[in-house]
file coords35.pdb (PDB, C-alpha atoms, pLDDT in the B column)
MODEL        1
ATOM      1  CA  MET A   1     193.023 -40.979  41.442  1.00 48.00           C
ATOM      2  CA  ALA A   2     194.637 -39.205  44.324  1.00 49.00           C
ATOM      3  CA  GLY A   3     197.112 -36.467  43.353  1.00 51.00           C
ATOM      4  CA  GLY A   4     197.750 -37.766  39.801  1.00 53.00           C
ATOM      5  CA  VAL A   5     198.693 -41.281  41.006  1.00 50.00           C
ATOM      6  CA  ALA A   6     196.541 -44.282  40.213  1.00 52.00           C
ATOM      7  CA  LEU A   7     195.759 -46.073  43.470  1.00 51.00           C
ATOM      8  CA  ARG A   8     193.932 -49.347  43.900  1.00 54.00           C
ATOM      9  CA  ARG A   9     192.412 -50.616  47.119  1.00 55.00           C
ATOM     10  CA  CYS A  10     193.523 -54.152  48.002  1.00 53.00           C
ATOM     11  CA  ASN A  11     192.230 -56.351  50.812  1.00 54.00           C
ATOM     12  CA  VAL A  12     195.032 -58.342  52.443  1.00 52.00           C
ATOM     13  CA  ASN A  13     194.208 -60.296  55.631  1.00 52.00           C
ATOM     14  CA  GLN A  14     191.067 -58.201  56.139  1.00 50.00           C
ATOM     15  CA  GLN A  15     193.180 -55.002  55.997  1.00 50.00           C
ATOM     16  CA  SER A  16     192.633 -52.384  53.385  1.00 49.00           C
ATOM     17  CA  LEU A  17     195.828 -51.134  51.662  1.00 49.00           C
ATOM     18  CA  LEU A  18     196.315 -48.597  48.918  1.00 52.00           C
ATOM     19  CA  VAL A  19     198.754 -49.792  46.237  1.00 51.00           C
ATOM     20  CA  ASN A  20     200.538 -47.465  43.814  1.00 53.00           C
ATOM     21  CA  VAL A  21     199.813 -49.101  40.440  1.00 52.00           C
ATOM     22  CA  ARG A  22     202.335 -47.042  38.443  1.00 57.00           C
ATOM     23  CA  GLY A  23     205.092 -47.755  40.968  1.00 56.00           C
ATOM     24  CA  SER A  24     204.426 -51.487  40.732  1.00 59.00           C
ATOM     25  CA  ALA A  25     204.560 -51.352  36.944  1.00 58.00           C
ATOM     26  CA  ALA A  26     207.791 -49.364  37.061  1.00 61.00           C
ATOM     27  CA  LEU A  27     209.375 -52.120  39.141  1.00 63.00           C
ATOM     28  CA  ALA A  28     207.879 -55.056  37.251  1.00 63.00           C
ATOM     29  CA  LEU A  29     208.831 -53.959  33.723  1.00 60.00           C
ATOM     30  CA  PRO A  30     212.643 -53.886  34.265  1.00 62.00           C
ATOM     31  CA  LEU A  31     212.477 -57.240  36.037  1.00 60.00           C
ATOM     32  CA  LEU A  32     210.575 -58.754  33.106  1.00 58.00           C
ATOM     33  CA  TRP A  33     213.125 -57.265  30.680  1.00 60.00           C
ATOM     34  CA  LEU A  34     216.045 -58.778  32.644  1.00 59.00           C
ATOM     35  CA  THR A  35     214.521 -62.239  32.682  1.00 59.00           C
ATOM     36  CA  SER A  36     213.805 -62.171  28.943  1.00 55.00           C
ATOM     37  CA  THR A  37     217.288 -60.974  27.877  1.00 56.00           C
ATOM     38  CA  GLY A  38     219.358 -63.295  30.050  1.00 55.00           C
ATOM     39  CA  LEU A  39     221.999 -62.270  32.526  1.00 55.00           C
ATOM     40  CA  PRO A  40     225.763 -62.142  31.768  1.00 57.00           C
ATOM     41  CA  ALA A  41     226.504 -65.214  33.889  1.00 56.00           C
ATOM     42  CA  GLN A  42     224.206 -67.238  31.617  1.00 55.00           C
ATOM     43  CA  SER A  43     226.029 -66.338  28.400  1.00 54.00           C
ATOM     44  CA  PRO A  44     228.942 -68.440  27.145  1.00 54.00           C
ATOM     45  CA  ALA A  45     232.469 -67.173  27.769  1.00 52.00           C
ATOM     46  CA  ARG A  46     234.080 -65.202  24.974  1.00 53.00           C
ATOM     47  CA  PRO A  47     237.015 -66.887  23.267  1.00 57.00           C
ATOM     48  CA  PHE A  48     240.376 -65.938  24.773  1.00 68.00           C
ATOM     49  CA  GLN A  49     242.691 -63.829  22.599  1.00 82.00           C
ATOM     50  CA  LEU A  50     245.557 -61.421  23.316  1.00 87.00           C
ATOM     51  CA  ASP A  51     245.978 -58.393  21.087  1.00 86.00           C
ATOM     52  CA  SER A  52     249.252 -57.253  19.592  1.00 85.00           C
ATOM     53  CA  GLY A  53     251.030 -54.831  21.915  1.00 86.00           C
ATOM     54  CA  THR A  54     250.140 -56.858  25.021  1.00 89.00           C
ATOM     55  CA  VAL A  55     253.060 -57.402  27.397  1.00 91.00           C
ATOM     56  CA  VAL A  56     253.465 -61.087  28.285  1.00 91.00           C
ATOM     57  CA  ARG A  57     255.827 -63.187  30.386  1.00 91.00           C
ATOM     58  CA  LEU A  58     256.674 -66.662  29.112  1.00 90.00           C
ATOM     59  CA  GLU A  59     258.111 -69.470  31.188  1.00 90.00           C
ATOM     60  CA  LEU A  60     260.189 -71.713  28.992  1.00 86.00           C
ATOM     61  CA  HIS A  61     260.496 -75.452  29.629  1.00 86.00           C
ATOM     62  CA  SER A  62     264.083 -74.828  30.787  1.00 86.00           C
ATOM     63  CA  GLY A  63     262.703 -72.701  33.641  1.00 86.00           C
ATOM     64  CA  ALA A  64     263.911 -69.388  32.196  1.00 88.00           C
ATOM     65  CA  ARG A  65     261.450 -66.496  31.916  1.00 90.00           C
ATOM     66  CA  GLU A  66     261.215 -63.999  29.083  1.00 90.00           C
ATOM     67  CA  LYS A  67     259.174 -60.795  28.914  1.00 92.00           C
ATOM     68  CA  GLY A  68     257.975 -59.573  25.569  1.00 91.00           C
ATOM     69  CA  LYS A  69     255.519 -57.337  23.741  1.00 92.00           C
ATOM     70  CA  LEU A  70     253.340 -59.207  21.246  1.00 91.00           C
ATOM     71  CA  LEU A  71     253.737 -58.246  17.588  1.00 89.00           C
ATOM     72  CA  SER A  72     250.683 -60.199  16.439  1.00 88.00           C
ATOM     73  CA  PRO A  73     247.508 -61.426  18.173  1.00 90.00           C
ATOM     74  CA  TYR A  74     247.756 -64.653  20.145  1.00 88.00           C
ATOM     75  CA  ALA A  75     244.915 -67.129  20.678  1.00 86.00           C
ATOM     76  CA  PRO A  76     244.895 -70.629  22.209  1.00 78.00           C
ATOM     77  CA  ASP A  77     244.797 -72.183  18.731  1.00 83.00           C
ATOM     78  CA  SER A  78     247.900 -70.227  17.580  1.00 85.00           C
ATOM     79  CA  SER A  79     250.894 -72.368  16.670  1.00 87.00           C
ATOM     80  CA  ARG A  80     253.490 -69.587  17.177  1.00 89.00           C
ATOM     81  CA  ILE A  81     253.861 -66.541  19.390  1.00 89.00           C
ATOM     82  CA  ARG A  82     255.613 -63.491  17.908  1.00 90.00           C
ATOM     83  CA  TYR A  83     257.109 -60.919  20.286  1.00 91.00           C
ATOM     84  CA  CYS A  84     260.016 -58.569  20.964  1.00 91.00           C
ATOM     85  CA  HIS A  85     261.892 -58.491  24.250  1.00 89.00           C
ATOM     86  CA  TYR A  86     260.456 -56.015  26.753  1.00 88.00           C
ATOM     87  CA  PRO A  87     261.354 -53.405  28.009  1.00 87.00           C
ATOM     88  CA  ALA A  88     263.207 -52.198  24.957  1.00 84.00           C
ATOM     89  CA  PRO A  89     262.617 -49.945  21.982  1.00 86.00           C
ATOM     90  CA  PRO A  90     260.081 -51.255  19.446  1.00 83.00           C
ATOM     91  CA  CYS A  91     261.330 -53.865  16.996  1.00 85.00           C
ATOM     92  CA  ARG A  92     260.180 -55.555  13.797  1.00 82.00           C
ATOM     93  CA  ALA A  93     260.333 -59.067  12.432  1.00 82.00           C
ATOM     94  CA  GLY A  94     263.945 -59.921  11.707  1.00 83.00           C
ATOM     95  CA  ASP A  95     265.499 -57.640  14.383  1.00 85.00           C
ATOM     96  CA  GLU A  96     267.837 -59.250  16.913  1.00 88.00           C
ATOM     97  CA  ARG A  97     265.276 -58.810  19.748  1.00 88.00           C
ATOM     98  CA  TYR A  98     262.507 -60.465  17.665  1.00 89.00           C
ATOM     99  CA  ARG A  99     261.376 -63.938  18.783  1.00 88.00           C
ATOM    100  CA  ASP A 100     259.057 -66.368  16.995  1.00 88.00           C
ATOM    101  CA  PRO A 101     258.960 -69.591  19.055  1.00 87.00           C
ATOM    102  CA  SER A 102     256.448 -72.382  18.755  1.00 87.00           C
ATOM    103  CA  THR A 103     253.777 -72.440  21.452  1.00 85.00           C
ATOM    104  CA  SER A 104     255.110 -75.820  22.554  1.00 86.00           C
ATOM    105  CA  ASP A 105     258.404 -74.125  23.576  1.00 87.00           C
ATOM    106  CA  PHE A 106     256.937 -72.554  26.727  1.00 86.00           C
ATOM    107  CA  SER A 107     255.072 -74.007  29.686  1.00 86.00           C
ATOM    108  CA  SER A 108     253.127 -70.976  30.921  1.00 86.00           C
ATOM    109  CA  LEU A 109     252.017 -67.576  29.699  1.00 88.00           C
ATOM    110  CA  GLU A 110     251.234 -64.601  31.936  1.00 90.00           C
ATOM    111  CA  VAL A 111     249.754 -61.228  30.988  1.00 91.00           C
ATOM    112  CA  ARG A 112     250.874 -57.943  32.536  1.00 91.00           C
ATOM    113  CA  ARG A 113     247.981 -56.219  34.315  1.00 90.00           C
ATOM    114  CA  GLY A 114     249.652 -52.967  35.382  1.00 90.00           C
ATOM    115  CA  THR A 115     251.793 -52.076  38.364  1.00 93.00           C
ATOM    116  CA  ALA A 116     251.400 -51.706  42.119  1.00 94.00           C
ATOM    117  CA  TRP A 117     251.725 -47.901  42.149  1.00 95.00           C
ATOM    118  CA  LEU A 118     248.428 -47.376  43.997  1.00 95.00           C
ATOM    119  CA  PRO A 119     249.205 -49.696  46.942  1.00 95.00           C
ATOM    120  CA  GLY A 120     252.651 -48.070  47.066  1.00 96.00           C
ATOM    121  CA  LEU A 121     251.040 -44.627  47.221  1.00 96.00           C
ATOM    122  CA  VAL A 122     248.692 -45.693  50.034  1.00 96.00           C
ATOM    123  CA  ILE A 123     251.417 -47.377  52.093  1.00 97.00           C
ATOM    124  CA  GLY A 124     253.783 -44.446  51.583  1.00 97.00           C
ATOM    125  CA  GLY A 125     251.020 -42.001  52.504  1.00 96.00           C
ATOM    126  CA  VAL A 126     250.209 -43.819  55.748  1.00 97.00           C
ATOM    127  CA  VAL A 127     253.891 -43.959  56.677  1.00 97.00           C
ATOM    128  CA  GLY A 128     254.129 -40.251  55.792  1.00 97.00           C
ATOM    129  CA  VAL A 129     251.270 -39.339  58.144  1.00 96.00           C
ATOM    130  CA  VAL A 130     252.874 -41.256  61.016  1.00 96.00           C
ATOM    131  CA  PHE A 131     256.295 -39.766  60.241  1.00 96.00           C
ATOM    132  CA  GLY A 132     254.859 -36.231  59.996  1.00 95.00           C
ATOM    133  CA  LEU A 133     253.079 -36.576  63.337  1.00 94.00           C
ATOM    134  CA  GLY A 134     256.322 -37.849  64.871  1.00 94.00           C
ATOM    135  CA  VAL A 135     258.317 -34.937  63.452  1.00 93.00           C
ATOM    136  CA  ALA A 136     255.715 -32.444  64.692  1.00 92.00           C
ATOM    137  CA  GLY A 137     255.774 -34.009  68.169  1.00 92.00           C
ATOM    138  CA  LEU A 138     259.570 -34.064  68.275  1.00 92.00           C
ATOM    139  CA  ALA A 139     259.792 -30.446  67.136  1.00 90.00           C
ATOM    140  CA  GLU A 140     257.336 -29.389  69.843  1.00 89.00           C
ATOM    141  CA  SER A 141     259.188 -31.290  72.575  1.00 91.00           C
ATOM    142  CA  LEU A 142     262.525 -29.691  71.591  1.00 91.00           C
ATOM    143  CA  SER A 143     261.083 -26.187  71.214  1.00 86.00           C
ATOM    144  CA  GLU A 144     260.369 -23.744  73.989  1.00 85.00           C
ATOM    145  CA  THR A 145     257.167 -22.612  72.316  1.00 87.00           C
ATOM    146  CA  PRO A 146     254.356 -24.885  71.170  1.00 89.00           C
ATOM    147  CA  ASN A 147     253.936 -25.547  67.457  1.00 88.00           C
ATOM    148  CA  THR A 148     251.212 -23.731  65.639  1.00 91.00           C
ATOM    149  CA  THR A 149     248.531 -25.725  63.866  1.00 91.00           C
ATOM    150  CA  ALA A 150     249.912 -24.573  60.503  1.00 93.00           C
ATOM    151  CA  GLN A 151     253.379 -25.951  61.383  1.00 91.00           C
ATOM    152  CA  GLU A 152     251.956 -29.312  62.380  1.00 92.00           C
ATOM    153  CA  ILE A 153     249.784 -29.498  59.260  1.00 94.00           C
ATOM    154  CA  SER A 154     252.709 -28.592  57.002  1.00 94.00           C
ATOM    155  CA  ALA A 155     254.887 -31.296  58.617  1.00 93.00           C
ATOM    156  CA  VAL A 156     252.194 -33.952  58.140  1.00 95.00           C
ATOM    157  CA  VAL A 157     251.203 -32.876  54.611  1.00 96.00           C
ATOM    158  CA  GLY A 158     254.811 -32.519  53.457  1.00 96.00           C
ATOM    159  CA  SER A 159     255.899 -35.922  54.746  1.00 96.00           C
ATOM    160  CA  THR A 160     252.713 -37.556  53.444  1.00 96.00           C
ATOM    161  CA  ALA A 161     253.194 -36.122  49.955  1.00 96.00           C
ATOM    162  CA  PHE A 162     256.901 -36.999  49.832  1.00 97.00           C
ATOM    163  CA  LEU A 163     256.633 -40.533  51.212  1.00 97.00           C
ATOM    164  CA  GLY A 164     253.408 -41.206  49.281  1.00 97.00           C
ATOM    165  CA  GLY A 165     255.159 -40.191  46.053  1.00 97.00           C
ATOM    166  CA  LEU A 166     258.163 -42.323  46.952  1.00 97.00           C
ATOM    167  CA  GLY A 167     255.843 -45.279  47.636  1.00 97.00           C
ATOM    168  CA  ALA A 168     254.099 -44.795  44.281  1.00 96.00           C
ATOM    169  CA  LEU A 169     257.493 -44.701  42.562  1.00 97.00           C
ATOM    170  CA  VAL A 170     258.587 -47.941  44.225  1.00 96.00           C
ATOM    171  CA  GLY A 171     255.198 -49.542  43.526  1.00 95.00           C
ATOM    172  CA  SER A 172     255.369 -48.625  39.833  1.00 95.00           C
ATOM    173  CA  ALA A 173     258.428 -50.866  39.524  1.00 94.00           C
ATOM    174  CA  ILE A 174     256.431 -53.877  40.774  1.00 94.00           C
ATOM    175  CA  GLU A 175     254.469 -55.447  37.921  1.00 92.00           C
ATOM    176  CA  LYS A 176     251.216 -57.397  38.345  1.00 92.00           C
ATOM    177  CA  TRP A 177     250.810 -60.577  36.280  1.00 91.00           C
ATOM    178  CA  ASP A 178     247.804 -62.835  35.617  1.00 88.00           C
ATOM    179  CA  ALA A 179     247.987 -66.310  34.151  1.00 86.00           C
ATOM    180  CA  ALA A 180     246.508 -66.562  30.669  1.00 79.00           C
ATOM    181  CA  PRO A 181     244.474 -69.666  29.802  1.00 65.00           C
ATOM    182  CA  ARG A 182     245.943 -72.075  27.272  1.00 55.00           C
ATOM    183  CA  ASP A 183     243.974 -74.632  25.304  1.00 48.00           C
ATOM    184  CA  GLN A 184     246.602 -76.612  23.489  1.00 41.00           C
ATOM    185  CA  PRO A 185     247.935 -80.139  23.734  1.00 39.00           C
ATOM    186  CA  GLN A 186     251.279 -80.386  25.531  1.00 37.00           C
TER
ENDMDL
END
call {"tool": "encode", "arguments": {"input": "coords35.pdb", "output": "structure tokens"}}
result
Amino acid sequence: MAGGVALRRCNVNQQSLLVNVRGSAALALPLLWLTSTGLPAQSPARPFQLDSGTVVRLELHSGAREKGKLLSPYAPDSSRIRYCHYPAPPCRAGDERYRDPSTSDFSSLEVRRGTAWLPGLVIGGVVGVVFGLGVAGLAESLSETPNTTAQEISAVVGSTAFLGGLGALVGSAIEKWDAAPRDQPQ
């Protein structure tokens, strides 16, 4: 034992090496645990189901699209899909915005996965930096005295914050949709 660590002398290609036994065990045990439990890619896929409250977009066979918020869970083996038009105030079964079509009435189903507010914020922020630098340069070229660092920073920060916020606002109006799998006969 050298310094509280168990070392073992190993001969590899006529060279003598000291191997940390505890370190090897600390690496080997998690690897053995992973191989015995199975990795996520080896497990079967969970059955697909959408919860009530999920916002969906349906494409009807006529080509029209409808957005709605599910009132009951939907699974591939469901025979009907119950939803209310979206965006709108909440509704209940029997209201005029309530729909209860058969799953054979639509050709595709998409699930809302948020909005594009973050890309809008980034794009607006980059445009704001460029705009702020341009404003600072223009102000300095028109002025008889050079801009101070604080003036240039305030021009860049102000335009970045304003245009970044505007970009996030525009991006929040753009919805992201993913196709939902369907296992039903057509």
call {"tool": "residues_around", "arguments": {"input": "coords35.pdb", "residues": "Glu59 (chain A)", "least_positions_apart": "5", "cutoff": "10 Å", "atoms": "only C-alpha atoms", "output": "number ranges by chain"}}
result
A: 64-67, 105-110
call {"tool": "resolve_selection", "arguments": {"input": "coords35.pdb", "expression": "the PyMOL selection byres ((chain A and resi 71-81) around 6)", "output": "VMD selection string"}}
result
chain A and resid 49 to 52 70 82 to 83 100 to 103 182 to 183
call {"tool": "resolve_selection", "arguments": {"input": "coords35.pdb", "expression": "the PyMOL selection byres ((chain A and resi 120) around 7)", "output": "short mmCIF file (atom, residue, chain, number, x, y, z; two decimals) with C-alpha atoms, in the frame of the given file"}}
result
data_model
loop_
_atom_site.label_atom_id
_atom_site.label_comp_id
_atom_site.auth_asym_id
_atom_site.auth_seq_id
_atom_site.Cartn_x
_atom_site.Cartn_y
_atom_site.Cartn_z
CA ALA A 116 251.40 -51.71 42.12
CA TRP A 117 251.72 -47.90 42.15
CA LEU A 118 248.43 -47.38 44.00
CA PRO A 119 249.20 -49.70 46.94
CA LEU A 121 251.04 -44.63 47.22
CA VAL A 122 248.69 -45.69 50.03
CA ILE A 123 251.42 -47.38 52.09
CA GLY A 124 253.78 -44.45 51.58
CA GLY A 167 255.84 -45.28 47.64
CA ALA A 168 254.10 -44.80 44.28
CA VAL A 170 258.59 -47.94 44.22
CA GLY A 171 255.20 -49.54 43.53
#
call {"tool": "atom_distance", "arguments": {"input": "coords35.pdb", "atom1": "CA of Glu96 (chain A)", "atom2": "CA of Arg112 (chain A)"}}
result
23.1 Å
call {"tool": "closest_residue", "arguments": {"input": "coords35.pdb", "among": "A:Gly63, A:Gly132, A:Pro146, A:Pro90", "to": "Ser159 (chain A)", "atoms": "all atoms listed in the file"}}
result
A:Gly132
call {"tool": "residues_near_point", "arguments": {"input": "coords35.pdb", "point": "(259.0, -61.2, 23.9)", "cutoff": "8 Å", "atoms": "only C-alpha atoms", "output": "list in words"}}
result
Val55, Val56, Arg57, Leu58, Glu66, Lys67, Gly68, Lys69, Leu70, Arg82, Tyr83, Cys84, His85, Tyr86, Arg97, Tyr98 and Arg99 of chain A
call {"tool": "resolve_selection", "arguments": {"input": "coords35.pdb", "expression": "the PyMOL selection byres ((chain A and resi 151) around 12)", "output": "list in words"}}
result
Gly132, Leu133, Val135, Ala136, Gly137, Ala139, Glu140, Pro146, Asn147, Thr148, Thr149, Ala150, Glu152, Ile153, Ser154, Ala155, Val156, Val157 and Gly158 of chain A
call {"tool": "write_last_selection", "arguments": {"input": "coords35.pdb", "atoms": "C-alpha atoms", "output": "mmCIF file, in the coordinates of the input"}}
result
data_model
loop_
_atom_site.group_PDB
_atom_site.id
_atom_site.type_symbol
_atom_site.label_atom_id
_atom_site.label_comp_id
_atom_site.auth_asym_id
_atom_site.auth_seq_id
_atom_site.Cartn_x
_atom_site.Cartn_y
_atom_site.Cartn_z
ATOM 1 C CA GLY A 132 254.859 -36.231 59.996
ATOM 2 C CA LEU A 133 253.079 -36.576 63.337
ATOM 3 C CA VAL A 135 258.317 -34.937 63.452
ATOM 4 C CA ALA A 136 255.715 -32.444 64.692
ATOM 5 C CA GLY A 137 255.774 -34.009 68.169
ATOM 6 C CA ALA A 139 259.792 -30.446 67.136
ATOM 7 C CA GLU A 140 257.336 -29.389 69.843
ATOM 8 C CA PRO A 146 254.356 -24.885 71.170
ATOM 9 C CA ASN A 147 253.936 -25.547 67.457
ATOM 10 C CA THR A 148 251.212 -23.731 65.639
ATOM 11 C CA THR A 149 248.531 -25.725 63.866
ATOM 12 C CA ALA A 150 249.912 -24.573 60.503
ATOM 13 C CA GLU A 152 251.956 -29.312 62.380
ATOM 14 C CA ILE A 153 249.784 -29.498 59.260
ATOM 15 C CA SER A 154 252.709 -28.592 57.002
ATOM 16 C CA ALA A 155 254.887 -31.296 58.617
ATOM 17 C CA VAL A 156 252.194 -33.952 58.140
ATOM 18 C CA VAL A 157 251.203 -32.876 54.611
ATOM 19 C CA GLY A 158 254.811 -32.519 53.457
#
